[in-house]
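Notes follow the structure.
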Amino acid sequence: MTSSDPIATNSRNLSIVTDEHLAVIYCNDELFSSLHATPPQIIDRHIFYLHRIIDIKECIKVTRGIIKHSLSNGVIRKGKLNKNRRIRDWEVSAVYGSGKKILGFWFTEIKREGKKKPELLTKLKKARDLKSEQKASVLGSDSIEDDLHLVKSEQQFRSLSENVPGAVYEFIYHRDGTSGFKYLSPNIVKLFGIPVGKFIGSLDHIVSEDKPKLLEAIKHSSETNEPFYFEGRLKAAEGRIRWHSASSSYSYSTENSSRVFTGIIQDITERKMIEEEKQKNEERFRLALTKIGDNFWEHHFLRNETFFSETIFDLIGYKSKDLQSNVKLWWSNIHLDDKWMVEETDLKYRTGKFDNHILEYRVFHANGTIKWIRDRGVVIEKTEEGMPVLIVGTHTDITKEKEFLEINIMEERKKKKEILHAMLHAQEKERELIAYELHDNINQVLSSCYVILDWMTVNETVDKSKLMEVKRNINLVIEELEGISYCLSTSTLQMIGLPQALLELVTKLSISSKLKIKLHKISGKVEDVTNSGINLAIYRIIQEQLVNITRNSRAKRANIMVGIDRNMIFAEITDDRKDIDQNSDLNGIGLINILNWVECLNGLIEFNNKPGNGFRLRIAIPIVAATYNSIK
């Protein structure tokens, strides 16, 4: 070429290979020739150094798009305009390794004038057989310089391929379905001691177990034009077994539409040995944890794979291979009420918020029973960004532990109820005794005093004003004692029933205090409740709360609602107090007594004491389940 343009037009497409960070690792000869550059000036440098022939912004945009959306290729359509007014566009292909990991990118020039390529070698062979004056008619006077340049470029490409790590090759797929090596650098001998001709002539050097995988990879690339990648074992010199990888991407098409892939073969034996040693260590680690007795598991976030040790069968009745082949099987056997805990923990791991966890939840055994497990896990491998890659853990069967704990809890509740029953029973007996003493003893004495004083008032020598004052005081004491006796005694409740007893209680308290109390019967027949224990509990709870209202607040009004709904009897006591004392109202003896009554009868209680909105107490006691007949 004699053009003064440093980016001259060539017959073959320009080709560039970079790693995943866009550092150049390979260029074909046409590119070096076009830039009048040498390999040290370009190789291992960022693609930015090729800004004269490629739009760097578009380059970064397209490669990022390939990574983000898992695409196989893209196109840079914003070309660079050179002095000959020629625009170069580029096709970008991702070079994939195992596990769909992107190893780099292949940039191939798209020529706007077409992709026609002369069969150069055939022409040159014919030209050598003719006289010099006939060469122009074979080659064409205008193409001789270009064709000779292509020969020189091909030689430079092969010279470069012999100086890169690995063996560079070109693999061609013909339209008739056949394929084979177009070129293989002599480095293959240095790598594995296999002559070039023997390597490209057959597959005898490939270990037989790996041949199907290789043929499948070749077939897939030939049919889809997607990048080729293969890892396998081969028989190197002296019968040694070595691991190699072969990767390539589409480079260009020939004149007869055959497709050429350019790639590299590398010796990966050392990496495979490290991986195998790592796998052995993992297996030893898994075996050691399994021997401890717990089920061992591990999860790889990037591969979305979970491993379970064989002991998982004893836990939920499924074999490890069943769970590993069906990742949803474990999740589907977690108890529905506990699944949220596991899902929340998994989300926190995936967002980098968790490094370890301990959970207790239920899972279904294959036979339908429920098992309790303690699930422990810890992250042992992370990405550079700090996100989890590998987490390991154990599953411990704690079903018996939970059952034992539940039995203990039930025993504790039973003992507590027995204590409450005894306490309330003693309290009621004490109340009955006090009521008896007040009514039959003290009340009689005071009544006698009243009679005596009444007689003395008719005696003219006695200071009648003083006697009248004593009389009034004694009368007040008698009334007070009668009220106390009424409140302590349950005989009225037993004789007249709960509704009438509540009505008398409300009437007496309304008279003796400034509190206006209203009793509402809202649903059901309360009088049909024949369980004396329940009737006594409702009565005492309402009595305790009304006493609390009259003594500890400035309430003016109170409402009582009692009713039956299905198998529950419930009551609600509200008042309009505004100056609520949190400590006295929630921690007082009266409320503690109420809580004891409700708990003893397996009932429910709810209270609301927002300042300014008064106080509301709600209780509900099961009629069928309550067994409180012993309290009378």
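Order determines the names: the first chain of the structure tokens is A, the second B, and so forth; residues in each chain are numbered 1 upward, and ligands are numbered 1 upward as they are shown.
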Quick one: residues within 9 Å of Leu617 in chain A, only C-alpha atoms counted, chain neighbours fewer than 2 positions away excluded, as a CSV table (one decimal) with N, CA and C atoms, in the first residue's frame?
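Once written, result-v4.csv looks like this:
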chain,number,residue,atom,x,y,z
A,545,GLN,N,-63.3,-3.8,88.4
A,545,GLN,CA,-63.0,-2.7,87.5
A,545,GLN,C,-63.9,-1.5,87.9
A,571,ALA,N,-67.4,-9.4,78.2
A,571,ALA,CA,-67.8,-8.2,78.9
A,571,ALA,C,-66.9,-7.1,78.5
A,572,GLU,N,-67.5,-5.9,78.4
A,572,GLU,CA,-66.7,-4.7,78.1
A,572,GLU,C,-67.1,-3.6,79.1
A,573,ILE,N,-66.1,-3.0,79.8
A,573,ILE,CA,-66.3,-1.9,80.8
A,573,ILE,C,-65.5,-0.7,80.3
A,574,THR,N,-66.2,0.4,80.0
A,574,THR,CA,-65.6,1.6,79.6
A,574,THR,C,-65.9,2.8,80.5
A,605,ILE,N,-58.0,-11.1,77.2
A,605,ILE,CA,-58.2,-9.8,77.8
A,605,ILE,C,-57.5,-8.7,76.9
A,606,GLU,N,-58.2,-7.6,76.8
A,606,GLU,CA,-57.6,-6.5,76.0
A,606,GLU,C,-58.0,-5.2,76.7
A,607,PHE,N,-57.1,-4.3,76.8
A,607,PHE,CA,-57.4,-3.0,77.4
A,607,PHE,C,-56.8,-1.8,76.6
A,608,ASN,N,-57.4,-0.7,76.6
A,608,ASN,CA,-56.9,0.5,75.9
A,608,ASN,C,-57.1,1.7,76.9
A,609,ASN,N,-55.9,2.3,77.1
A,609,ASN,CA,-55.9,3.4,78.1
A,609,ASN,C,-55.2,4.7,77.5
A,615,PHE,N,-60.8,4.8,79.5
A,615,PHE,CA,-60.2,3.5,79.7
A,615,PHE,C,-61.3,2.4,79.2
A,619,ILE,N,-63.0,-8.5,78.0
A,619,ILE,CA,-62.6,-9.8,78.3
A,619,ILE,C,-63.5,-10.8,77.5
With DSSP run on the backbone, what are the alpha helix (DSSP H) residues within range 265-420 of chain A? I'd like them as a ChimeraX atom specification. /A:269-292,312-316,320-325,328-332,339-350,399-420
All residues 6 Å or closer to range 12-20 of chain A, only C-alpha atoms, same chain fewer than 5 positions away omitted, as a ChimeraX atom specification: /A:25-28,30-31,103-109
Serialized selection, N, CA and C atoms, as a tab-separated table (two decimals), in the first residue's frame:
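result30.tsv was written with the following content:
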chain	number	residue	atom	x	y	z
A	25	ILE	N	-5.22	-8.48	23.61
A	25	ILE	CA	-4.36	-9.66	23.74
A	25	ILE	C	-4.05	-10.27	22.37
A	26	TYR	N	-4.75	-9.80	21.31
A	26	TYR	CA	-4.45	-10.32	19.98
A	26	TYR	C	-4.99	-9.34	18.94
A	27	CYS	N	-4.22	-9.15	17.86
A	27	CYS	CA	-4.67	-8.42	16.67
A	27	CYS	C	-4.18	-9.21	15.46
A	28	ASN	N	-4.96	-9.26	14.38
A	28	ASN	CA	-4.45	-9.93	13.19
A	28	ASN	C	-3.50	-9.00	12.42
A	30	GLU	N	-3.48	-7.68	9.54
A	30	GLU	CA	-4.01	-6.54	8.80
A	30	GLU	C	-4.06	-5.29	9.66
A	31	LEU	N	-4.36	-5.46	10.95
A	31	LEU	CA	-4.46	-4.30	11.84
A	31	LEU	C	-3.08	-3.69	12.09
A	103	LEU	N	-14.78	-14.29	29.02
A	103	LEU	CA	-13.32	-14.21	29.12
A	103	LEU	C	-12.77	-12.99	28.40
A	104	GLY	N	-13.52	-12.50	27.42
A	104	GLY	CA	-13.05	-11.34	26.66
A	104	GLY	C	-14.00	-11.02	25.53
A	105	PHE	N	-13.51	-10.20	24.57
A	105	PHE	CA	-14.35	-9.75	23.45
A	105	PHE	C	-13.55	-9.84	22.15
A	106	TRP	N	-14.27	-10.18	21.08
A	106	TRP	CA	-13.67	-10.28	19.74
A	106	TRP	C	-14.31	-9.20	18.87
A	107	PHE	N	-13.49	-8.28	18.34
A	107	PHE	CA	-13.95	-7.18	17.48
A	107	PHE	C	-13.57	-7.51	16.04
A	108	THR	N	-14.57	-7.56	15.16
A	108	THR	CA	-14.32	-7.85	13.74
A	108	THR	C	-14.87	-6.70	12.90
A	109	GLU	N	-14.04	-6.21	12.00
A	109	GLU	CA	-14.44	-5.08	11.16
A	109	GLU	C	-15.55	-5.50	10.21
If you count only C-alpha atoms, which residues fall within 12 Å of range 325-341 of chain A, apart from same-chain ones fewer than 6 positions away, as JSON, numbers by chain? {"A": [297, 299, 303, 304, 305, 306, 307, 308, 312, 313, 315, 316, 317, 318, 319, 347, 348, 357, 358, 359, 360, 361, 362, 363, 364, 365, 366, 367, 368, 369, 370, 371, 372, 373, 375]}
